Amino acid sequence: MNTVSDRLNEIYELLVKAYGPQHWWPAESPLEVMVGAVLTQNTNWQGVEQAIANLKRDNLLNQHKLKALSTEELSRLIKPAGYFNLKARRLKNLIEMVTEAYGGDLAAMEQMETAQLRQELLLVNGVGPETADSILLYAFHRPIFVVDTYTYRVTSRHGLIEEEANYQALQDLFMEHLPLDVDMFNEYHALLVRAGKLHCKRKARCEGCPLEPLLP
DNA sequence: GACCAGGCACATC
DNA sequence: GATGTGCATGGT
């Protein structure tokens with residue numbers, strides 16, 4: 001057990017054994033994934049659930065309804081997710097792209113090549129690499145590894161990356177040393193979030209983490 | 001009451 | 001290019 005691939009696989013196996021399947025993304029449609037991806041930026045998922053519940057309750061969780069909705073009204077509905085003024089604008093920007101470029105047709109979006117779709121998502125103001133990649137993996141089922149703060153904490157504490165590694169370097173670590181498998185990437189990212197939430201807080205030590213035996 | 005949360009854009013140096 | 005800051009609610 002010493003190649004990077006071996007270590008990444010070992011981490012994955014330990015997390016699966018400890019936590020089992022995570023059933024991500026918790027959403028009923030690609031659009032719901034997109035909305036959730038924006039809403040969850042630097043925010044606890046519980047607030048996002050509330051915000052999405054509000055949209056569903058008013059039957060607004062589709063691209064045409066959201067496009068017609070005013071930014072003010074949208075921000076009122078997503079309030080529990082925090083940063084509501086900012087996120088209302090970001091959601092409008094994303095919906096704008098979906099309706100402008102694809103006439104609101106998500107099936108048409110699904111036809112796009114992954115690299116091109118990623119570029120297009122990144123051009124939306126408010127969609128950065130993690131949000132774009134979450135959409136690619138969880139809404140469009142592309143074999144893209146999603147990097148987040150927990151990915152960074154776990155891999156750096158385990159000596160797999162430099163302290164100053166950027167998003168691309170982290171993504172490459174996983175995508176160059178693991179098979180490009182949608183289902184595995186789905187679980188792996190979700191498991192890292194789970195382990196991170198429980199054991200890898202900014203100041204917390206690693207006691208009780210299933211990965212503790214692997215620490216350098 | 002402090003700390004934290006499944007980022008991102010923008011200002012300033 | 002690097003570093004700092006605003007955005008905000010809600011749970012622990």
# chains A, B, ... in the order shown; residues from 1 in each chain; ligands from 1
$ closest_atom_pairs --of "chain C" --to "chain B" --cutoff "9 Å" --atoms "only C-alpha atoms (C1' of nucleotides)" --output "JSON lines"
{"residue": "C:DT3", "atom": "C1'", "partner": "B:DC13", "partner_atom": "C1'", "distance": 8.7}
{"residue": "C:DG4", "atom": "C1'", "partner": "B:DT12", "partner_atom": "C1'", "distance": 8.5}
{"residue": "C:DT5", "atom": "C1'", "partner": "B:DA11", "partner_atom": "C1'", "distance": 8.3}
{"residue": "C:DG11", "atom": "C1'", "partner": "B:DC4", "partner_atom": "C1'", "distance": 9.0}
{"residue": "C:DT12", "atom": "C1'", "partner": "B:DC4", "partner_atom": "C1'", "distance": 8.6}
$ interface_residues --of "chain A" --to "chain B" --cutoff "6 Å" --atoms "only C-alpha atoms (C1' of nucleotides)" --output "VMD selection string"
chain A and resid 41 to 44 126
$ residues_around --residues "Asp148 in chain A" --least-positions-apart "5" --cutoff "10 Å" --atoms "only C-alpha atoms (C1' of nucleotides)" --output "tab-separated table (two decimals) with C-alpha atoms (C1' of nucleotides), in the first residue's frame"
chain	number	residue	atom	x	y	z
A	42	ASN	CA	-20.32	27.90	2.14
A	129	PRO	CA	-15.29	25.19	-9.92
A	130	GLU	CA	-16.97	23.29	-7.10
A	131	THR	CA	-20.47	24.35	-8.09
A	134	SER	CA	-21.15	19.29	-8.56
A	153	ARG	CA	-8.54	19.01	4.75
A	167	TYR	CA	-8.53	23.20	-6.77
A	170	LEU	CA	-6.71	18.32	-5.86
A	171	GLN	CA	-9.02	17.33	-8.65
A	189	HIS	CA	-17.04	12.99	-2.51
A	192	LEU	CA	-15.42	12.83	2.37
A	193	VAL	CA	-18.07	15.37	3.28
B	6	DG	C1'	-20.94	20.88	0.64
B	7	DG	C1'	-17.79	29.10	-2.27
$ interface_residues --of "chain C" --to "chain A" --cutoff "12 Å" --atoms "only C-alpha atoms (C1' of nucleotides)" --output "ChimeraX atom specification"
/C:6-11
$ write_last_selection --atoms "C-alpha atoms (C1' of nucleotides)" --output "mmCIF file, in the first residue's frame"
data_model
loop_
_atom_site.group_PDB
_atom_site.id
_atom_site.type_symbol
_atom_site.label_atom_id
_atom_site.label_comp_id
_atom_site.auth_asym_id
_atom_site.auth_seq_id
_atom_site.Cartn_x
_atom_site.Cartn_y
_atom_site.Cartn_z
ATOM 1 C "C1'" DG C 6 -18.407 40.791 2.099
ATOM 2 C "C1'" DC C 7 -22.106 37.898 1.865
ATOM 3 C "C1'" DA C 8 -26.230 35.805 6.322
ATOM 4 C "C1'" DT C 9 -29.041 32.219 8.252
ATOM 5 C "C1'" DG C 10 -29.347 28.587 11.555
ATOM 6 C "C1'" DG C 11 -27.457 24.693 14.248
#
$ residues_around --residues "Asp172 in chain A" --least-positions-apart "6" --cutoff "10 Å" --atoms "only C-alpha atoms (C1' of nucleotides)" --output "ChimeraX atom specification"
/A:144-145,147,178
$ write_last_selection --atoms "N, CA and C atoms" --output "short mmCIF file (atom, residue, chain, number, x, y, z; two decimals), in the first residue's frame"
data_model
loop_
_atom_site.label_atom_id
_atom_site.label_comp_id
_atom_site.auth_asym_id
_atom_site.auth_seq_id
_atom_site.Cartn_x
_atom_site.Cartn_y
_atom_site.Cartn_z
N ILE A 144 -16.54 13.44 -13.08
CA ILE A 144 -15.73 14.58 -12.63
C ILE A 144 -15.66 14.52 -11.12
N PHE A 145 -14.45 14.66 -10.56
CA PHE A 145 -14.34 14.62 -9.10
C PHE A 145 -14.58 16.00 -8.51
N VAL A 147 -14.24 18.73 -5.70
CA VAL A 147 -13.33 19.11 -4.62
C VAL A 147 -14.02 20.13 -3.72
N LEU A 178 -7.43 7.44 -10.00
CA LEU A 178 -8.59 6.56 -9.81
C LEU A 178 -9.26 6.38 -11.17
#
$ atom_distance --atom1 "CA of Val33 in chain A" --atom2 "CA of Gln111 in chain A"
17.3 Å
$ atom_distance --atom1 "CA of Pro143 in chain A" --atom2 "CA of Lys92 in chain A"
26.7 Å
$ select_by_dssp --residues "range 62-93 of chain A" --states "helix (DSSP H, G or I)" --output "ChimeraX atom specification"
/A:63-68,71-77,79-81,84-93
$ residues_around --residues "range 3-15 of chain A" --least-positions-apart "5" --cutoff "8 Å" --atoms "only C-alpha atoms (C1' of nucleotides)" --output "PyMOL selection string"
chain A and resi 20+160+174+177-178+188+191-192+195+210-211
$ write_last_selection --atoms "C-alpha atoms" --output "tab-separated table (two decimals), in the first residue's frame"
chain	number	residue	atom	x	y	z
A	20	GLY	CA	-22.03	2.95	3.76
A	160	LEU	CA	-1.44	13.43	-0.10
A	174	PHE	CA	-8.25	11.95	-7.72
A	177	HIS	CA	-5.12	8.05	-9.79
A	178	LEU	CA	-8.59	6.56	-9.81
A	188	TYR	CA	-16.27	9.28	-2.66
A	191	LEU	CA	-18.14	10.21	2.01
A	192	LEU	CA	-15.42	12.83	2.37
A	195	ALA	CA	-16.18	12.23	7.41
A	210	PRO	CA	-12.30	6.03	10.38
A	211	LEU	CA	-9.21	7.33	8.58
$ decode --residues "chain B" --atoms "C-alpha atoms (C1' of nucleotides)" --output "PDB file, in the first residue's frame"
ATOM      1  C1'  DG B   1     -21.748  33.797  22.577  1.00  0.00           C
ATOM      2  C1'  DA B   2     -18.355  31.814  19.604  1.00  0.00           C
ATOM      3  C1'  DC B   3     -17.821  28.841  15.999  1.00  0.00           C
ATOM      4  C1'  DC B   4     -19.011  26.640  11.904  1.00  0.00           C
ATOM      5  C1'  DA B   5     -21.160  25.667   7.274  1.00  0.00           C
ATOM      6  C1'  DG B   6     -20.944  20.879   0.636  1.00  0.00           C
ATOM      7  C1'  DG B   7     -17.786  29.105  -2.274  1.00  0.00           C
ATOM      8  C1'  DC B   8     -17.337  32.863  -5.054  1.00  0.00           C
ATOM      9  C1'  DA B   9     -16.435  37.455  -6.750  1.00  0.00           C
ATOM     10  C1'  DC B  10     -14.355  41.614  -6.145  1.00  0.00           C
ATOM     11  C1'  DA B  11     -11.292  45.296  -4.123  1.00  0.00           C
ATOM     12  C1'  DT B  12      -6.903  46.589  -3.013  1.00  0.00           C
ATOM     13  C1'  DC B  13      -2.077  46.428  -2.609  1.00  0.00           C
TER      14       DC B  13
END
